[in-house]
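These notes concern the structure reproduced below.
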Amino acid sequence: MPSTTSQKTLGGIIAAVPTPFTADGSQVDVDNIHAQVERLVKAGIHGVVTTGTTGEFPALTPDEHKLVVKTYVEAAQGRIPVVAGVGANSTRAAIDFVQHAQSVGAAAVMVVPPFYDPLDFDSLVAFYKDVTASIDIPLMYYNLPHATGVHLKADEIRTLGSIKGLDYLKDTSGNAKEQVDLLTNPPADVTVFNGWDTLTFSSMALGAKGGVWGVASIVPEEAAEFWETFAVKGDLVKAREQWKFLWAVSSFLESVNYAAGIKAGLDIVGFPAGPTRAPTQGLGSKDIERFRQILAQRKHK
């Protein structure tokens, strides 16, 4: 089906959410997805992104991937938007995933470039044109160069933004210079979200419309309050104080395997989502204790 010009409805703190597994990691824990969503909605989070890095998408079968997206949409019940993460190494597979996401009610899709054998820029443009043309919901470009090998400059991202239906960017490049360029001279047709945890404060100061943030899955109240203080009320002094704790959590997560860190954090705060799926291992005892000490400083317990 043809893509249409989409109304930009995403903003604020969008939690990058885990894929909960049963204790042995063999199955998706559907009931746990509902529990995770209820907690995030109650905390004031503005949306969720499923099946991304935090959601361990490479470890999911296609059927599991679709089940996770469908269950998160059902759990949200329209209260918050659900963005379906998609990663595939063929255009055909990517289209299958995004069309499924649209069919079950996802508000948007977040599509990472094909990985392993990085595409040149012309091929990348062709890929996103084909994918966006297959759906009527907006697409978020997942800029993740350290995993995909696709390193784009700000001007190239602006070019991607001319693709009809590519309306959002999650910038997880960690490249502060290019992000500053994007936020200072924003693409006309793309809403920029930060996706590199420790750059959250600086990106918001430069006008990012929100953040796709795994931290928000662990400490959603603190993340939502930080957004309200900084982006809504413009209280820079208070926001700096709130950021100190969120910086510590963000910095920790960037020092370990991200999905394992998220699940360790959820265990610590009392909202477990099961183990990471092999071959990804859980955090060691020293890292868990280090994280426990950081999370002991949180305001909401």
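Naming works like this for the structure tokens: A, B, ... for the chains as they're shown, residue 1 at the start of each chain, ligands 1 onward in shown order.
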
*asked:* Could you go through region 125-271 of chain A and tell me which residues DSSP, when run on the backbone, assigns to strand (DSSP E or B), listing them as a list of chain:residue names?
replied: A:Leu139, A:Met140, A:Tyr141, A:Tyr142, A:Asn143, A:Leu166, A:Asp167, A:Tyr168, A:Leu169, A:Lys170, A:Asp171, A:Thr191, A:Val192, A:Phe193, A:Asn194, A:Gly210, A:Gly211, A:Val212, A:Trp213

Would you save the residues from that selection as an mmCIF file, in the first residue's frame, using N, CA and C atoms?
```cif
data_model
loop_
_atom_site.group_PDB
_atom_site.id
_atom_site.type_symbol
_atom_site.label_atom_id
_atom_site.label_comp_id
_atom_site.auth_asym_id
_atom_site.auth_seq_id
_atom_site.Cartn_x
_atom_site.Cartn_y
_atom_site.Cartn_z
ATOM 1 N N LEU A 139 7.947 6.038 9.609
ATOM 2 C CA LEU A 139 9.152 5.253 9.861
ATOM 3 C C LEU A 139 10.184 6.120 10.569
ATOM 4 N N MET A 140 10.857 5.529 11.537
ATOM 5 C CA MET A 140 11.966 6.156 12.246
ATOM 6 C C MET A 140 13.262 5.488 11.787
ATOM 7 N N TYR A 141 14.198 6.289 11.307
ATOM 8 C CA TYR A 141 15.507 5.751 10.930
ATOM 9 C C TYR A 141 16.333 5.542 12.188
ATOM 10 N N TYR A 142 16.808 4.313 12.373
ATOM 11 C CA TYR A 142 17.593 3.960 13.552
ATOM 12 C C TYR A 142 19.063 4.082 13.175
ATOM 13 N N ASN A 143 19.676 5.173 13.582
ATOM 14 C CA ASN A 143 21.068 5.446 13.244
ATOM 15 C C ASN A 143 21.973 4.762 14.264
ATOM 16 N N LEU A 166 9.488 8.778 5.894
ATOM 17 C CA LEU A 166 10.591 8.686 6.853
ATOM 18 C C LEU A 166 10.566 9.985 7.656
ATOM 19 N N ASP A 167 9.903 9.918 8.804
ATOM 20 C CA ASP A 167 9.560 11.135 9.543
ATOM 21 C C ASP A 167 10.345 11.330 10.828
ATOM 22 N N TYR A 168 11.067 10.299 11.270
ATOM 23 C CA TYR A 168 11.747 10.363 12.561
ATOM 24 C C TYR A 168 13.156 9.799 12.451
ATOM 25 N N LEU A 169 13.993 10.240 13.363
ATOM 26 C CA LEU A 169 15.358 9.724 13.482
ATOM 27 C C LEU A 169 15.639 9.404 14.945
ATOM 28 N N LYS A 170 16.112 8.195 15.197
ATOM 29 C CA LYS A 170 16.702 7.883 16.496
ATOM 30 C C LYS A 170 18.209 7.867 16.290
ATOM 31 N N ASP A 171 18.898 8.834 16.885
ATOM 32 C CA ASP A 171 20.343 8.959 16.687
ATOM 33 C C ASP A 171 21.089 8.264 17.819
ATOM 34 N N THR A 191 11.820 14.501 12.551
ATOM 35 C CA THR A 191 11.882 14.819 13.973
ATOM 36 C C THR A 191 13.009 14.006 14.593
ATOM 37 N N VAL A 192 13.934 14.681 15.261
ATOM 38 C CA VAL A 192 15.133 14.033 15.785
ATOM 39 C C VAL A 192 14.937 13.620 17.245
ATOM 40 N N PHE A 193 15.182 12.348 17.504
ATOM 41 C CA PHE A 193 15.200 11.801 18.858
ATOM 42 C C PHE A 193 16.623 11.394 19.199
ATOM 43 N N ASN A 194 17.029 11.658 20.429
ATOM 44 C CA ASN A 194 18.311 11.144 20.884
ATOM 45 C C ASN A 194 18.172 9.666 21.234
ATOM 46 N N GLY A 210 12.652 14.530 21.797
ATOM 47 C CA GLY A 210 12.484 13.441 22.748
ATOM 48 C C GLY A 210 13.672 12.516 22.719
ATOM 49 N N GLY A 211 13.537 11.429 23.456
ATOM 50 C CA GLY A 211 14.594 10.432 23.509
ATOM 51 C C GLY A 211 14.003 9.041 23.512
ATOM 52 N N VAL A 212 14.645 8.149 22.757
ATOM 53 C CA VAL A 212 14.336 6.722 22.853
ATOM 54 C C VAL A 212 15.367 6.169 23.811
ATOM 55 N N TRP A 213 14.905 5.760 24.998
ATOM 56 C CA TRP A 213 15.796 5.647 26.145
ATOM 57 C C TRP A 213 15.534 4.363 26.932
#
```

Determine, for each residue of region 262-281 of chain A having at least one atom at most 12 Å from an atom of region 23-36 of chain A, the closest pair of atoms and their separation in Å to one decimal, counting only C-alpha atoms; order by chain and ascending number, as a Markdown table.
```
| residue | atom | partner | partner_atom | distance |
| --- | --- | --- | --- | --- |
| A:Lys263 | CA | A:Gln36 | CA | 11.9 |
| A:Leu266 | CA | A:Gln36 | CA | 9.8 |
| A:Gly270 | CA | A:Gln36 | CA | 11.1 |
| A:Phe271 | CA | A:Gln36 | CA | 7.5 |
| A:Pro272 | CA | A:Asn32 | CA | 8.4 |
| A:Ala273 | CA | A:Asn32 | CA | 6.6 |
| A:Gly274 | CA | A:Ala23 | CA | 5.7 |
| A:Pro275 | CA | A:Gly25 | CA | 6.2 |
| A:Thr276 | CA | A:Gly25 | CA | 7.0 |
| A:Arg277 | CA | A:Gly25 | CA | 5.5 |
| A:Ala278 | CA | A:Gly25 | CA | 7.8 |
| A:Pro279 | CA | A:Gly25 | CA | 10.7 |
| A:Thr280 | CA | A:Gly25 | CA | 10.9 |
| A:Gln281 | CA | A:Gly25 | CA | 11.2 |
```

*Please provide as a PyMOL selection string all residues within 9 Å of region 146-157 of chain A, with the sequence filter that same-chain residues fewer than 5 positions apart are discarded (counting only C-alpha atoms).*
chain A and resi 112-121+124+141+169+172-173+178-179+181-182+187

*Please provide the set of residues having any atom within 12 Å of Pro138 (chain A), restricted to only C-alpha atoms, with same-chain residues fewer than 2 positions apart removed, written as number ranges by chain.*
A: 2-10, 81-84, 98-99, 101-102, 106-111, 128, 131-136, 140-141, 161, 163-169, 189-191

_Distance of CA of Ala216 (chain A) from CA of Pro18 (chain A), expressed in Å to one decimal place_ = 11.1 Å

*Given the choices A:Ala126, A:Ala16, A:Ile95, A:Val68, which gets closest to Val49 (chain A) if the distance is worked out from only C-alpha atoms?*
A:Ala16

*asked:* Env of Arg290 (chain A): 12 Å cut, atoms = only C-alpha atoms, seq-sep filter 4 positions within chain, self excluded. Answer as number ranges by chain.
replied: A: 248-249, 251-253, 255-256, 261, 264-265, 268, 283-286, 294-297

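The smallest atom-to-atom distance between Ser90 (chain A) and any of A:Arg39, A:His46, A:Phe127, A:Leu246, using only C-alpha atoms, is found for A:Phe127.
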
*Find the residue from A:Gly55, A:Gly12, A:Gly87, A:Gly105 that sits nearest to Ala75 (chain A); use only C-alpha atoms when measuring.*
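Among A:Gly55, A:Gly12, A:Gly87, A:Gly105, it is A:Gly105 that comes nearest to Ala75 (chain A).
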
*List the neighbours of Val269 (chain A) out to 10 Å using only C-alpha atoms; skip same-chain residues closer than 6 positions along the sequence, and give me the result as a ChimeraX atom specification.*
/A:218-219,292,295-296,298,300-301

Residues at most 8 Å from Leu183 (chain A), counting only C-alpha atoms, excluding those fewer than 2 positions away in the same chain, as a PDB file with C-alpha atoms, in the first residue's frame?
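In the end it all went to part_2.pdb:
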```pdb
ATOM      1  CA  GLN A 179      24.051  15.377  16.404  1.00  0.00           C
ATOM      2  CA  VAL A 180      24.683  19.044  17.197  1.00  0.00           C
ATOM      3  CA  ASP A 181      24.668  19.725  13.453  1.00  0.00           C
ATOM      4  CA  ASN A 185      20.054  22.774  11.493  1.00  0.00           C
ATOM      5  CA  PRO A 186      17.238  20.226  11.747  1.00  0.00           C
ATOM      6  CA  VAL A 192      15.133  14.033  15.785  1.00  0.00           C
ATOM      7  CA  SER A 203      20.383  16.773  22.978  1.00  0.00           C
ATOM      8  CA  LEU A 206      19.574  21.698  21.684  1.00  0.00           C
ATOM      9  CA  GLY A 207      15.912  21.003  21.031  1.00  0.00           C
ATOM     10  CA  ALA A 208      15.568  17.264  20.478  1.00  0.00           C
TER      11      ALA A 208
END
```

*For Asn257 (chain A), the nearest of the candidates A:Lys233, A:His100, A:Glu241, A:Gly282, counting only C-alpha atoms*: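 Of all the options, A:Gly282 lies closest to Asn257 (chain A).
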
*Calculate how many Å separate CA of Trp243 (chain A) from CA of Ser217 (chain A), rounding to one decimal.*
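Computing the Euclidean distance for CA of Trp243 (chain A) and CA of Ser217 (chain A) yields 16.1 Å.
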